[in-house]
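Undergrad: My structure is in coords-v5.cif, and what it holds is mmCIF, C-alpha atoms:
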```
data_protein
loop_
_atom_site.group_PDB
_atom_site.id
_atom_site.type_symbol
_atom_site.label_atom_id
_atom_site.label_comp_id
_atom_site.auth_asym_id
_atom_site.auth_seq_id
_atom_site.Cartn_x
_atom_site.Cartn_y
_atom_site.Cartn_z
ATOM 1 C CA MET A 1373 -6.183 25.190 -14.888
ATOM 2 C CA LYS A 1374 -9.512 24.830 -13.103
ATOM 3 C CA SER A 1375 -11.102 23.859 -16.433
ATOM 4 C CA VAL A 1376 -8.440 21.264 -17.304
ATOM 5 C CA ASP A 1377 -9.170 17.607 -16.577
ATOM 6 C CA LEU A 1378 -5.859 16.147 -15.385
ATOM 7 C CA ASN A 1379 -7.051 12.711 -16.492
ATOM 8 C CA LEU A 1380 -6.303 13.998 -19.997
ATOM 9 C CA LEU A 1381 -2.609 13.448 -19.243
ATOM 10 C CA ILE A 1382 -3.197 9.698 -19.049
ATOM 11 C CA ALA A 1383 -4.938 9.803 -22.415
ATOM 12 C CA LEU A 1384 -2.128 11.905 -23.911
ATOM 13 C CA ASP A 1385 0.442 9.418 -22.624
ATOM 14 C CA ALA A 1386 -1.474 6.578 -24.290
ATOM 15 C CA LEU A 1387 -1.808 8.505 -27.577
ATOM 16 C CA LEU A 1388 1.890 9.323 -27.697
ATOM 17 C CA GLU A 1389 2.823 5.760 -26.793
ATOM 18 C CA GLU A 1390 0.505 4.081 -29.287
ATOM 19 C CA GLY A 1391 0.727 6.636 -32.101
ATOM 20 C CA SER A 1392 -2.914 6.066 -33.037
ATOM 21 C CA VAL A 1393 -6.353 6.910 -31.745
ATOM 22 C CA SER A 1394 -7.609 3.331 -32.029
ATOM 23 C CA GLY A 1395 -4.545 1.930 -30.240
ATOM 24 C CA ALA A 1396 -4.896 4.427 -27.394
ATOM 25 C CA ALA A 1397 -8.622 3.638 -27.164
ATOM 26 C CA GLU A 1398 -7.887 -0.081 -26.819
ATOM 27 C CA ARG A 1399 -5.216 0.566 -24.226
ATOM 28 C CA MET A 1400 -7.574 2.686 -22.113
ATOM 29 C CA ARG A 1401 -10.510 0.324 -22.714
ATOM 30 C CA THR A 1402 -12.692 2.911 -24.339
ATOM 31 C CA SER A 1403 -14.163 3.454 -27.798
ATOM 32 C CA THR A 1404 -12.377 5.039 -30.743
ATOM 33 C CA PRO A 1405 -14.920 7.889 -31.033
ATOM 34 C CA THR A 1406 -14.454 8.664 -27.330
ATOM 35 C CA MET A 1407 -10.700 8.789 -27.745
ATOM 36 C CA SER A 1408 -11.089 11.043 -30.800
ATOM 37 C CA ARG A 1409 -13.105 13.477 -28.685
ATOM 38 C CA THR A 1410 -10.417 13.279 -25.983
ATOM 39 C CA LEU A 1411 -7.716 14.137 -28.528
ATOM 40 C CA ALA A 1412 -9.781 17.155 -29.587
ATOM 41 C CA ARG A 1413 -9.929 18.297 -25.948
ATOM 42 C CA LEU A 1414 -6.177 17.846 -25.612
ATOM 43 C CA ARG A 1415 -5.569 19.938 -28.734
ATOM 44 C CA ARG A 1416 -7.671 22.747 -27.308
ATOM 45 C CA ALA A 1417 -5.944 22.540 -23.912
ATOM 46 C CA PHE A 1418 -2.415 22.625 -25.388
ATOM 47 C CA GLY A 1419 -3.220 24.935 -28.313
ATOM 48 C CA ASP A 1420 -1.395 22.472 -30.580
ATOM 49 C CA PRO A 1421 -2.429 19.555 -32.867
ATOM 50 C CA LEU A 1422 -0.157 17.211 -30.832
ATOM 51 C CA LEU A 1423 -0.644 14.311 -33.273
ATOM 52 C CA VAL A 1424 -0.968 14.777 -37.030
ATOM 53 C CA ARG A 1425 -1.616 12.239 -39.738
ATOM 54 C CA ALA A 1426 1.323 11.208 -41.912
ATOM 55 C CA GLY A 1427 0.151 8.603 -44.363
ATOM 56 C CA ARG A 1428 -1.517 5.815 -42.399
ATOM 57 C CA GLN A 1429 0.136 6.823 -39.144
ATOM 58 C CA MET A 1430 -0.049 9.726 -36.728
ATOM 59 C CA VAL A 1431 3.154 11.440 -35.707
ATOM 60 C CA PRO A 1432 3.760 13.790 -32.758
ATOM 61 C CA THR A 1433 4.304 17.475 -33.282
ATOM 62 C CA PRO A 1434 7.377 19.205 -31.838
ATOM 63 C CA ARG A 1435 5.202 20.404 -28.948
ATOM 64 C CA ALA A 1436 4.127 16.812 -28.212
ATOM 65 C CA LEU A 1437 7.721 15.590 -28.344
ATOM 66 C CA ALA A 1438 8.751 18.357 -25.952
ATOM 67 C CA VAL A 1439 6.255 17.311 -23.285
ATOM 68 C CA ARG A 1440 6.344 13.525 -23.844
ATOM 69 C CA GLU A 1441 8.859 12.682 -21.087
ATOM 70 C CA GLN A 1442 7.244 15.065 -18.616
ATOM 71 C CA VAL A 1443 3.826 13.553 -19.293
ATOM 72 C CA ARG A 1444 5.214 10.029 -18.852
ATOM 73 C CA SER A 1445 6.837 10.984 -15.541
ATOM 74 C CA LEU A 1446 3.688 12.625 -14.207
ATOM 75 C CA VAL A 1447 1.552 9.611 -15.106
ATOM 76 C CA GLU A 1448 4.009 7.221 -13.445
ATOM 77 C CA GLN A 1449 4.062 9.315 -10.262
ATOM 78 C CA ALA A 1450 0.286 9.543 -10.138
ATOM 79 C CA THR A 1451 -0.094 5.810 -10.760
ATOM 80 C CA GLY A 1452 2.444 5.045 -8.050
ATOM 81 C CA MET A 1453 0.349 6.912 -5.513
ATOM 82 C CA PHE A 1454 -2.403 4.306 -5.927
ATOM 83 C CA LEU A 1455 -0.176 1.241 -5.870
ATOM 84 C CA GLU A 1456 0.587 -0.702 -2.712
ATOM 85 C CA THR A 1457 3.932 0.484 -1.394
ATOM 86 C CA GLY A 1458 4.624 -2.621 0.673
ATOM 87 C CA VAL A 1459 6.465 -2.717 3.974
ATOM 88 C CA PRO A 1460 8.046 0.651 4.873
ATOM 89 C CA ASP A 1461 11.749 1.091 5.581
ATOM 90 C CA LEU A 1462 11.375 0.448 9.314
ATOM 91 C CA GLY A 1463 15.022 1.037 10.124
ATOM 92 C CA SER A 1464 14.787 4.698 9.114
ATOM 93 C CA LEU A 1465 11.125 5.239 10.003
ATOM 94 C CA LYS A 1466 10.540 8.240 12.274
ATOM 95 C CA ALA A 1467 6.943 8.370 13.450
ATOM 96 C CA THR A 1468 4.783 8.728 16.544
ATOM 97 C CA PHE A 1469 1.781 6.477 17.095
ATOM 98 C CA THR A 1470 -0.841 7.608 19.596
ATOM 99 C CA VAL A 1471 -2.782 4.846 21.349
ATOM 100 C CA GLN A 1472 -5.830 5.497 23.521
ATOM 101 C CA ALA A 1473 -6.527 2.904 26.222
ATOM 102 C CA ASN A 1474 -7.260 2.528 29.924
ATOM 103 C CA ASP A 1475 -4.430 1.980 32.383
ATOM 104 C CA MET A 1476 -5.064 -1.773 32.670
ATOM 105 C CA VAL A 1477 -4.501 -2.164 28.934
ATOM 106 C CA ILE A 1478 -1.524 0.203 28.981
ATOM 107 C CA GLY A 1479 0.055 -1.697 31.866
ATOM 108 C CA ALA A 1480 -0.139 -4.957 29.921
ATOM 109 C CA LEU A 1481 0.735 -3.503 26.520
ATOM 110 C CA ALA A 1482 3.223 -0.645 26.862
ATOM 111 C CA GLN A 1483 6.491 -2.444 27.606
ATOM 112 C CA PRO A 1484 6.125 -5.459 25.257
ATOM 113 C CA LEU A 1485 4.761 -3.251 22.462
ATOM 114 C CA LEU A 1486 7.641 -0.776 22.698
ATOM 115 C CA SER A 1487 10.111 -3.674 22.679
ATOM 116 C CA ALA A 1488 8.447 -5.223 19.623
ATOM 117 C CA VAL A 1489 8.355 -1.885 17.794
ATOM 118 C CA HIS A 1490 11.959 -0.950 18.578
ATOM 119 C CA ARG A 1491 13.308 -4.302 17.420
ATOM 120 C CA GLN A 1492 12.349 -3.204 13.908
ATOM 121 C CA ALA A 1493 11.932 0.580 14.090
ATOM 122 C CA PRO A 1494 14.161 2.127 16.794
ATOM 123 C CA ASN A 1495 13.135 5.704 15.912
ATOM 124 C CA VAL A 1496 9.404 5.223 16.455
ATOM 125 C CA THR A 1497 7.675 6.748 19.488
ATOM 126 C CA VAL A 1498 4.595 5.144 21.040
ATOM 127 C CA ARG A 1499 2.455 7.637 22.930
ATOM 128 C CA PHE A 1500 -0.341 6.405 25.206
ATOM 129 C CA VAL A 1501 -3.257 8.639 26.151
ATOM 130 C CA PRO A 1502 -6.001 7.827 28.680
ATOM 131 C CA GLU A 1503 -9.344 6.394 27.701
ATOM 132 C CA ASP A 1504 -12.267 8.787 27.846
ATOM 133 C CA SER A 1505 -16.009 8.256 27.972
ATOM 134 C CA GLY A 1506 -16.800 10.092 24.747
ATOM 135 C CA ASP A 1507 -16.975 8.910 21.165
ATOM 136 C CA SER A 1508 -13.443 8.236 19.913
ATOM 137 C CA THR A 1509 -14.384 8.544 16.237
ATOM 138 C CA PRO A 1510 -13.626 12.301 15.942
ATOM 139 C CA LYS A 1511 -10.115 11.816 17.354
ATOM 140 C CA LEU A 1512 -9.460 8.937 14.956
ATOM 141 C CA ARG A 1513 -10.864 10.952 12.073
ATOM 142 C CA GLU A 1514 -8.800 14.053 12.844
ATOM 143 C CA GLY A 1515 -5.584 12.132 13.553
ATOM 144 C CA GLY A 1516 -5.342 12.982 17.247
ATOM 145 C CA THR A 1517 -5.424 9.243 17.958
ATOM 146 C CA ASP A 1518 -4.097 6.488 15.689
ATOM 147 C CA LEU A 1519 -5.497 3.510 17.549
ATOM 148 C CA VAL A 1520 -8.102 2.936 20.249
ATOM 149 C CA ILE A 1521 -7.846 -0.240 22.331
ATOM 150 C CA SER A 1522 -10.926 -0.850 24.416
ATOM 151 C CA VAL A 1523 -13.905 -3.094 25.020
ATOM 152 C CA ALA A 1524 -15.248 -4.024 21.592
ATOM 153 C CA ASP A 1525 -18.044 -1.781 20.401
ATOM 154 C CA SER A 1526 -20.137 -1.682 17.260
ATOM 155 C CA ALA A 1527 -17.910 -0.149 14.597
ATOM 156 C CA SER A 1528 -19.136 2.890 12.720
ATOM 157 C CA GLY A 1529 -18.948 3.292 8.975
ATOM 158 C CA GLU A 1530 -15.640 5.155 9.229
ATOM 159 C CA VAL A 1531 -13.960 3.028 11.915
ATOM 160 C CA ASN A 1532 -12.623 -0.500 11.491
ATOM 161 C CA SER A 1533 -12.088 -2.852 14.438
ATOM 162 C CA GLU A 1534 -10.252 -6.096 15.106
ATOM 163 C CA ARG A 1535 -10.753 -8.374 18.103
ATOM 164 C CA LEU A 1536 -7.536 -8.850 20.066
ATOM 165 C CA VAL A 1537 -8.364 -10.913 23.139
ATOM 166 C CA VAL A 1538 -11.300 -12.421 25.018
ATOM 167 C CA ASP A 1539 -10.833 -12.051 28.765
ATOM 168 C CA ARG A 1540 -12.784 -12.788 31.927
ATOM 169 C CA VAL A 1541 -13.417 -10.751 35.062
ATOM 170 C CA LEU A 1542 -11.922 -12.037 38.318
ATOM 171 C CA ALA A 1543 -11.835 -10.809 41.884
ATOM 172 C CA LEU A 1544 -8.446 -9.656 43.138
ATOM 173 C CA VAL A 1545 -7.116 -9.732 46.723
ATOM 174 C CA ARG A 1546 -3.825 -9.708 48.602
ATOM 175 C CA ALA A 1547 -1.995 -12.870 49.609
ATOM 176 C CA GLY A 1548 -3.430 -14.177 52.875
ATOM 177 C CA HIS A 1549 -6.759 -12.410 52.436
ATOM 178 C CA PRO A 1550 -9.605 -13.825 54.601
ATOM 179 C CA LEU A 1551 -11.645 -14.533 51.452
ATOM 180 C CA LEU A 1552 -9.079 -17.158 50.468
ATOM 181 C CA ARG A 1553 -9.880 -19.318 53.485
ATOM 182 C CA GLY A 1554 -12.509 -21.820 52.498
ATOM 183 C CA GLU A 1555 -15.055 -21.843 49.708
ATOM 184 C CA VAL A 1556 -15.710 -18.530 47.996
ATOM 185 C CA THR A 1557 -19.487 -18.334 47.996
ATOM 186 C CA LEU A 1558 -21.486 -15.533 46.469
ATOM 187 C CA GLU A 1559 -22.506 -14.370 49.946
ATOM 188 C CA ARG A 1560 -18.901 -14.207 51.149
ATOM 189 C CA PHE A 1561 -17.840 -12.356 47.995
ATOM 190 C CA ALA A 1562 -20.649 -9.801 48.278
ATOM 191 C CA GLY A 1563 -20.156 -9.409 52.042
ATOM 192 C CA ALA A 1564 -16.537 -8.293 51.762
ATOM 193 C CA GLN A 1565 -15.490 -4.667 51.533
ATOM 194 C CA HIS A 1566 -14.835 -3.645 47.941
ATOM 195 C CA ILE A 1567 -12.909 -1.071 45.980
ATOM 196 C CA SER A 1568 -14.394 0.069 42.672
ATOM 197 C CA VAL A 1569 -12.783 1.651 39.621
ATOM 198 C CA SER A 1570 -14.659 4.424 37.829
ATOM 199 C CA ARG A 1571 -13.456 7.544 36.029
ATOM 200 C CA ARG A 1572 -16.757 9.167 36.969
ATOM 201 C CA GLY A 1573 -16.694 8.077 40.600
ATOM 202 C CA ARG A 1574 -19.605 5.669 40.285
ATOM 203 C CA LEU A 1575 -20.204 3.332 43.222
ATOM 204 C CA THR A 1576 -21.888 0.594 41.184
ATOM 205 C CA GLY A 1577 -21.308 -1.224 37.932
ATOM 206 C CA PRO A 1578 -22.499 -4.222 35.903
ATOM 207 C CA ILE A 1579 -21.430 -6.719 38.571
ATOM 208 C CA ASP A 1580 -23.790 -5.047 41.037
ATOM 209 C CA ASP A 1581 -26.696 -5.672 38.683
ATOM 210 C CA HIS A 1582 -25.911 -9.394 38.736
ATOM 211 C CA LEU A 1583 -25.740 -9.365 42.532
ATOM 212 C CA ALA A 1584 -29.018 -7.448 42.811
ATOM 213 C CA GLU A 1585 -30.771 -10.185 40.835
ATOM 214 C CA ARG A 1586 -29.854 -12.519 43.690
ATOM 215 C CA GLY A 1587 -30.827 -10.088 46.424
ATOM 216 C CA LEU A 1588 -27.238 -9.158 47.274
ATOM 217 C CA HIS A 1589 -25.141 -6.017 47.074
ATOM 218 C CA ARG A 1590 -21.501 -5.074 47.595
ATOM 219 C CA GLN A 1591 -20.232 -2.689 50.220
ATOM 220 C CA VAL A 1592 -18.037 -0.357 48.149
ATOM 221 C CA VAL A 1593 -15.873 1.628 50.561
ATOM 222 C CA SER A 1594 -13.601 3.308 48.014
ATOM 223 C CA VAL A 1595 -13.754 4.414 44.388
ATOM 224 C CA VAL A 1596 -10.630 5.287 42.399
ATOM 225 C CA PRO A 1597 -10.274 6.322 38.742
ATOM 226 C CA SER A 1598 -7.384 3.957 37.990
ATOM 227 C CA TRP A 1599 -7.049 0.172 37.922
ATOM 228 C CA VAL A 1600 -3.394 0.354 38.933
ATOM 229 C CA ALA A 1601 -4.244 2.546 41.943
ATOM 230 C CA SER A 1602 -6.865 0.030 43.047
ATOM 231 C CA TRP A 1603 -4.393 -2.851 42.821
ATOM 232 C CA HIS A 1604 -1.856 -1.036 44.981
ATOM 233 C CA MET A 1605 -4.567 -0.527 47.606
ATOM 234 C CA LEU A 1606 -5.495 -4.195 47.410
ATOM 235 C CA ALA A 1607 -1.902 -5.205 48.129
ATOM 236 C CA GLN A 1608 -2.040 -3.366 51.463
ATOM 237 C CA THR A 1609 -5.609 -3.908 52.673
ATOM 238 C CA ASP A 1610 -8.365 -6.496 53.011
ATOM 239 C CA LEU A 1611 -10.385 -4.884 50.242
ATOM 240 C CA VAL A 1612 -11.622 -6.884 47.244
ATOM 241 C CA GLY A 1613 -11.146 -5.522 43.751
ATOM 242 C CA LEU A 1614 -11.602 -6.594 40.166
ATOM 243 C CA ALA A 1615 -9.409 -7.203 37.136
ATOM 244 C CA THR A 1616 -9.480 -9.085 33.886
ATOM 245 C CA GLU A 1617 -7.397 -12.227 33.969
ATOM 246 C CA LYS A 1618 -5.016 -11.809 31.030
ATOM 247 C CA LEU A 1619 -4.497 -8.054 31.169
ATOM 248 C CA SER A 1620 -3.653 -8.049 34.885
ATOM 249 C CA ARG A 1621 -1.171 -10.956 34.930
ATOM 250 C CA GLN A 1622 1.966 -8.866 35.195
ATOM 251 C CA ALA A 1623 0.526 -6.639 37.931
ATOM 252 C CA VAL A 1624 -0.668 -9.689 39.853
ATOM 253 C CA ARG A 1625 2.850 -11.118 39.816
ATOM 254 C CA LEU A 1626 4.586 -7.862 40.714
ATOM 255 C CA LEU A 1627 2.216 -7.018 43.588
ATOM 256 C CA ASP A 1628 1.922 -10.623 44.819
ATOM 257 C CA LEU A 1629 -1.866 -10.575 44.490
ATOM 258 C CA ARG A 1630 -4.286 -13.473 44.170
ATOM 259 C CA THR A 1631 -7.115 -13.944 41.693
ATOM 260 C CA VAL A 1632 -10.437 -15.419 42.756
ATOM 261 C CA ARG A 1633 -13.145 -16.749 40.483
ATOM 262 C CA ILE A 1634 -16.393 -14.910 41.088
ATOM 263 C CA PRO A 1635 -19.446 -17.159 41.617
ATOM 264 C CA LEU A 1636 -21.431 -15.420 38.900
ATOM 265 C CA ARG A 1637 -22.009 -16.094 35.220
ATOM 266 C CA LEU A 1638 -20.385 -12.919 33.931
ATOM 267 C CA PRO A 1639 -20.119 -12.206 30.187
ATOM 268 C CA PRO A 1640 -16.626 -12.305 28.676
ATOM 269 C CA ILE A 1641 -14.704 -9.087 28.068
ATOM 270 C CA VAL A 1642 -13.753 -8.642 24.401
ATOM 271 C CA ILE A 1643 -10.886 -6.212 23.782
ATOM 272 C CA ALA A 1644 -10.457 -4.789 20.269
ATOM 273 C CA GLN A 1645 -8.265 -2.297 18.441
ATOM 274 C CA SER A 1646 -10.016 0.318 16.296
ATOM 275 C CA TRP A 1647 -8.701 2.692 13.637
ATOM 276 C CA HIS A 1648 -10.049 5.102 11.031
ATOM 277 C CA VAL A 1649 -10.736 3.615 7.603
ATOM 278 C CA ARG A 1650 -8.277 6.036 5.975
ATOM 279 C CA HIS A 1651 -5.459 4.050 7.624
ATOM 280 C CA GLN A 1652 -6.765 0.660 6.482
ATOM 281 C CA ALA A 1653 -4.272 0.186 3.629
ATOM 282 C CA ASP A 1654 -1.465 2.385 4.958
ATOM 283 C CA PRO A 1655 1.629 0.125 5.209
ATOM 284 C CA THR A 1656 3.095 1.859 8.269
ATOM 285 C CA HIS A 1657 -0.179 1.800 10.193
ATOM 286 C CA THR A 1658 -0.763 -1.821 9.149
ATOM 287 C CA TRP A 1659 2.657 -2.746 10.510
ATOM 288 C CA PHE A 1660 1.930 -1.022 13.829
ATOM 289 C CA ARG A 1661 -1.421 -2.824 14.178
ATOM 290 C CA HIS A 1662 0.423 -6.076 13.517
ATOM 291 C CA CYS A 1663 2.801 -5.281 16.392
ATOM 292 C CA VAL A 1664 -0.161 -4.653 18.712
ATOM 293 C CA ARG A 1665 -1.798 -7.890 17.611
ATOM 294 C CA GLY A 1666 1.410 -9.800 18.326
ATOM 295 C CA VAL A 1667 1.545 -8.533 21.908
ATOM 296 C CA PHE A 1668 -2.020 -9.658 22.568
ATOM 297 C CA GLU A 1669 -1.311 -13.038 21.022
ATOM 298 C CA GLY A 1670 1.450 -13.295 23.614
ATOM 299 C CA LEU A 1671 -1.153 -12.832 26.351
ATOM 300 C CA HIS A 1672 -2.849 -16.001 25.101
ATOM 301 C CA ALA A 1673 0.427 -17.908 25.228
ATOM 302 C CA ASP A 1674 1.423 -16.661 28.689
ATOM 303 C CA SER A 1675 0.644 -19.488 31.075
ATOM 304 C CA GLY A 1676 2.361 -17.885 34.048
ATOM 305 C CA GLY A 1677 -0.605 -15.830 35.167
ATOM 306 C CA GLY A 1678 -1.656 -14.903 38.667
ATOM 307 C CA ARG A 1679 -2.234 -17.543 41.280
ATOM 308 C CA ASP A 1680 -5.845 -18.637 41.007
ATOM 309 C CA GLU A 1681 -7.103 -19.320 44.500
ATOM 310 C CA PRO A 1682 -10.323 -20.998 45.655
ATOM 311 C CA THR A 1683 -12.880 -21.501 42.929
ATOM 312 C CA ALA A 1684 -16.456 -20.384 43.104
ATOM 313 C CA SER A 1685 -19.236 -22.823 43.600
#
```
Would you mind writing the structure in this file as structure tokens?

TA:
Amino acid sequence: MKSVDLNLLIALDALLEEGSVSGAAERMRTSTPTMSRTLARLRRAFGDPLLVRAGRQMVPTPRALAVREQVRSLVEQATGMFLETGVPDLGSLKATFTVQANDMVIGALAQPLLSAVHRQAPNVTVRFVPEDSGDSTPKLREGGTDLVISVADSASGEVNSERLVVDRVLALVRAGHPLLRGEVTLERFAGAQHISVSRRGRLTGPIDDHLAERGLHRQVVSVVPSWVASWHMLAQTDLVGLATEKLSRQAVRLLDLRTVRIPLRLPPIVIAQSWHVRHQADPTHTWFRHCVRGVFEGLHADSGGGRDEPTAS
């Protein structure tokens, strides 16, 4: 079998259907001499003439008649594998999708995504795993992760990405925080005590670079690895933290926090979903990405965000 070209089955199906070498050649968009050589290969592979001339026509041998239906079925199955299957039967779909993201994204996404998924596919499980600092491509390639949702990065040749939301960084404080009294200047913002979020325990980040350009620096008194942990600390202290506006809306409401515009020209935060190219045309994976996209579109439409307190000058 290692020496048999399975593409010969397609040619045999055409020959049996057309009953002539020239007709099969036209059907397969090849030349008559090429199809004649293909028929010769088929005869050697089957050890049978398969088609013999009878007057001006060619008729199948008993061996060809015996395998005709099997050949037709195999060709149809193989062809079907390359055709678009359309939307899967979501009602009976049993699958687990693994999504890698940080806890701010998970906090905004998990509940509405599960609701959206279960409205159509009640037997699907959505598993969230924490974001890591390494390259996510191997996990996407090997199937350990189906989708990565993170700050948009340059896509590799084997990973596709789609922008989901453009967000902005805001300061976050408790209700009644001293920073809310009066104008929030850059000096007042930098002079407050801050909490930072870093999986690696870093005391500084991009915002500190912007402050340093103006001769200022933050006093970071605590570093935690989780956004949600930082927000709980903010609700009970006079510390100042950070969040992105759209992703933190629900937490801001639940913890009765206040957002403050930072008096700096900070670049926008672009959040994207990324997946391996092998899932690009998969109907089930496409449907799941559509569900994720719908949740983020809802973030755009949500006008009931956190209370935006004094603006920056």

Undergrad: Taking 5 positions as the minimum chain separation for residues in the same chain, which residues sit within 12 Å of A:Val1624 when counting only C-alpha atoms? Answer as a VMD selection string.

TA: chain A and resid 1476 1479 to 1480 1542 to 1547 1599 to 1600 1602 to 1604 1606 to 1607 1613 to 1619 1629 to 1632 1676 to 1680

Undergrad: Please compute the atom CA of A:Ser1594-atom CA of A:Leu1575 distance, one decimal, in Å.

TA: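 So the answer is 8.2 Å.
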
Undergrad: From the list A:Val1443, A:Val1538, A:Leu1422, A:Ala1417, which residue is nearest A:Glu1669 when using all atoms listed in the file?

TA: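 Of A:Val1443, A:Val1538, A:Leu1422, A:Ala1417, the one nearest A:Glu1669, counting all atoms listed in the file, is A:Val1538.
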
Undergrad: For the atom pair atom CA of A:Asp1525 and atom CA of A:Val1667, what is the interatomic distance in Å to one decimal place?

TA: 20.8 Å

Undergrad: Rounded to one decimal place, report the atom CA of A:Thr1497-atom CA of A:Val1596 distance in Å.

TA: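 According to the coordinates, atom CA of A:Thr1497 and atom CA of A:Val1596 are separated by 29.4 Å.
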
Undergrad: A:Leu1378, A:Leu1462, A:Met1430, A:Ala1524: which is nearest A:Val1496, counting all atoms listed in the file?

TA: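 Among the listed residues, the smallest separation from A:Val1496 belongs to A:Leu1462.
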
Undergrad: Between A:Arg1621, A:Arg1499, A:Arg1590, A:Arg1553, which has the minimum distance to A:Leu1671 (counting only C-alpha atoms)?

TA: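 Once distances to A:Leu1671 are computed over only C-alpha atoms, the minimum belongs to A:Arg1621.
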
Undergrad: Between A:Ser1620, A:Thr1517, A:Gln1483, A:Ser1570, which one has atoms that come closest to A:Val1664, using all atoms listed in the file?

TA: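 Using all atoms listed in the file, the shortest distance to A:Val1664 belongs to A:Gln1483.
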
Undergrad: Of the residues A:Asp1580, A:Asp1518, A:Asp1504, A:Glu1390, which is the one nearest to A:Gln1429, using only C-alpha atoms?

TA: A:Glu1390

Undergrad: Restricting the calculation to all atoms listed in the file, which member of A:Val1520, A:Val1642, A:Leu1485, A:Ile1634 is positioned closest to A:His1662?

TA: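 Distance minimum relative to A:His1662 lands on A:Leu1485.
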
Undergrad: For stretch 1403-1415 of chain A, take all atoms listed in the file, fit an axis-aligned box around them, add 4 Å to each of the six sides, then output centre and edge lengths in Å rounded to one decimal, as lines of an AutoDock Vina configuration file.

TA:
```
center_x = -10.2
center_y = 11.7
center_z = -28.3
size_x = 17.4
size_y = 24.5
size_z = 13.4
```

Undergrad: Which residues would end up in the selection if the PyMOL selection byres ((chain A and resi 1415) around 12) were applied here, given that I need the answer as an MDAnalysis selection string?

TA: chainID A and resid 1376 1380:1381 1383:1384 1408:1414 1416:1424 1432:1433 1435:1436

Undergrad: Within 9 Å of A:Glu1530, counting only C-alpha atoms, which residues show up once you throw out same-chain ones fewer than 4 positions away? Write them as a list in words, please.

TA: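 Counting only C-alpha atoms, the residues come to Thr1509, Arg1513, Trp1647, His1648, Val1649 and Arg1650 of chain A.
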
Undergrad: What lies within 7 Å of A:Ala1493 using only C-alpha atoms, ignoring chain neighbours under 4 positions off, as a list in words?

TA: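 Residues meeting the cut-off are Leu1462, Gly1463, Leu1465 and Val1489 of chain A.
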
Undergrad: Quick one: residues within 12 Å of A:Pro1502, all atoms listed in the file, excluding same-chain residues fewer than 2 positions away - as a tab-separated table (two decimals) with C-alpha atoms, in the frame of the given file?

TA:
```tsv
chain	number	residue	atom	x	y	z
A	1470	THR	CA	-0.84	7.61	19.60
A	1471	VAL	CA	-2.78	4.85	21.35
A	1472	GLN	CA	-5.83	5.50	23.52
A	1473	ALA	CA	-6.53	2.90	26.22
A	1474	ASN	CA	-7.26	2.53	29.92
A	1475	ASP	CA	-4.43	1.98	32.38
A	1476	MET	CA	-5.06	-1.77	32.67
A	1477	VAL	CA	-4.50	-2.16	28.93
A	1478	ILE	CA	-1.52	0.20	28.98
A	1479	GLY	CA	0.06	-1.70	31.87
A	1499	ARG	CA	2.46	7.64	22.93
A	1500	PHE	CA	-0.34	6.40	25.21
A	1504	ASP	CA	-12.27	8.79	27.85
A	1505	SER	CA	-16.01	8.26	27.97
A	1506	GLY	CA	-16.80	10.09	24.75
A	1508	SER	CA	-13.44	8.24	19.91
A	1517	THR	CA	-5.42	9.24	17.96
A	1519	LEU	CA	-5.50	3.51	17.55
A	1520	VAL	CA	-8.10	2.94	20.25
A	1521	ILE	CA	-7.85	-0.24	22.33
A	1522	SER	CA	-10.93	-0.85	24.42
A	1571	ARG	CA	-13.46	7.54	36.03
A	1597	PRO	CA	-10.27	6.32	38.74
A	1598	SER	CA	-7.38	3.96	37.99
```

Undergrad: Need a file for stretch 1478-1486 of chain A from that block: N, CA and C atoms, written as an mmCIF file, in the first residue's frame.

TA:
```cif
data_model
loop_
_atom_site.group_PDB
_atom_site.id
_atom_site.type_symbol
_atom_site.label_atom_id
_atom_site.label_comp_id
_atom_site.auth_asym_id
_atom_site.auth_seq_id
_atom_site.Cartn_x
_atom_site.Cartn_y
_atom_site.Cartn_z
ATOM 1 N N ILE A 1478 -10.509 37.829 32.579
ATOM 2 C CA ILE A 1478 -11.393 36.750 33.018
ATOM 3 C C ILE A 1478 -12.565 37.302 33.815
ATOM 4 N N GLY A 1479 -12.296 38.278 34.682
ATOM 5 C CA GLY A 1479 -13.371 38.862 35.478
ATOM 6 C C GLY A 1479 -14.444 39.506 34.618
ATOM 7 N N ALA A 1480 -14.036 40.131 33.518
ATOM 8 C CA ALA A 1480 -14.999 40.785 32.632
ATOM 9 C C ALA A 1480 -15.672 39.800 31.688
ATOM 10 N N LEU A 1481 -14.967 38.716 31.348
ATOM 11 C CA LEU A 1481 -15.421 37.831 30.278
ATOM 12 C C LEU A 1481 -16.147 36.584 30.748
ATOM 13 N N ALA A 1482 -15.730 35.998 31.863
ATOM 14 C CA ALA A 1482 -16.153 34.641 32.219
ATOM 15 C C ALA A 1482 -17.671 34.479 32.281
ATOM 16 N N GLN A 1483 -18.340 35.290 33.082
ATOM 17 C CA GLN A 1483 -19.781 35.097 33.270
ATOM 18 C C GLN A 1483 -20.585 35.360 31.991
ATOM 19 N N PRO A 1484 -20.394 36.510 31.310
ATOM 20 C CA PRO A 1484 -21.184 36.722 30.087
ATOM 21 C C PRO A 1484 -20.847 35.732 28.979
ATOM 22 N N LEU A 1485 -19.593 35.279 28.910
ATOM 23 C CA LEU A 1485 -19.233 34.309 27.868
ATOM 24 C C LEU A 1485 -19.910 32.976 28.132
ATOM 25 N N LEU A 1486 -19.863 32.507 29.386
ATOM 26 C CA LEU A 1486 -20.503 31.229 29.705
ATOM 27 C C LEU A 1486 -22.003 31.299 29.439
#
```
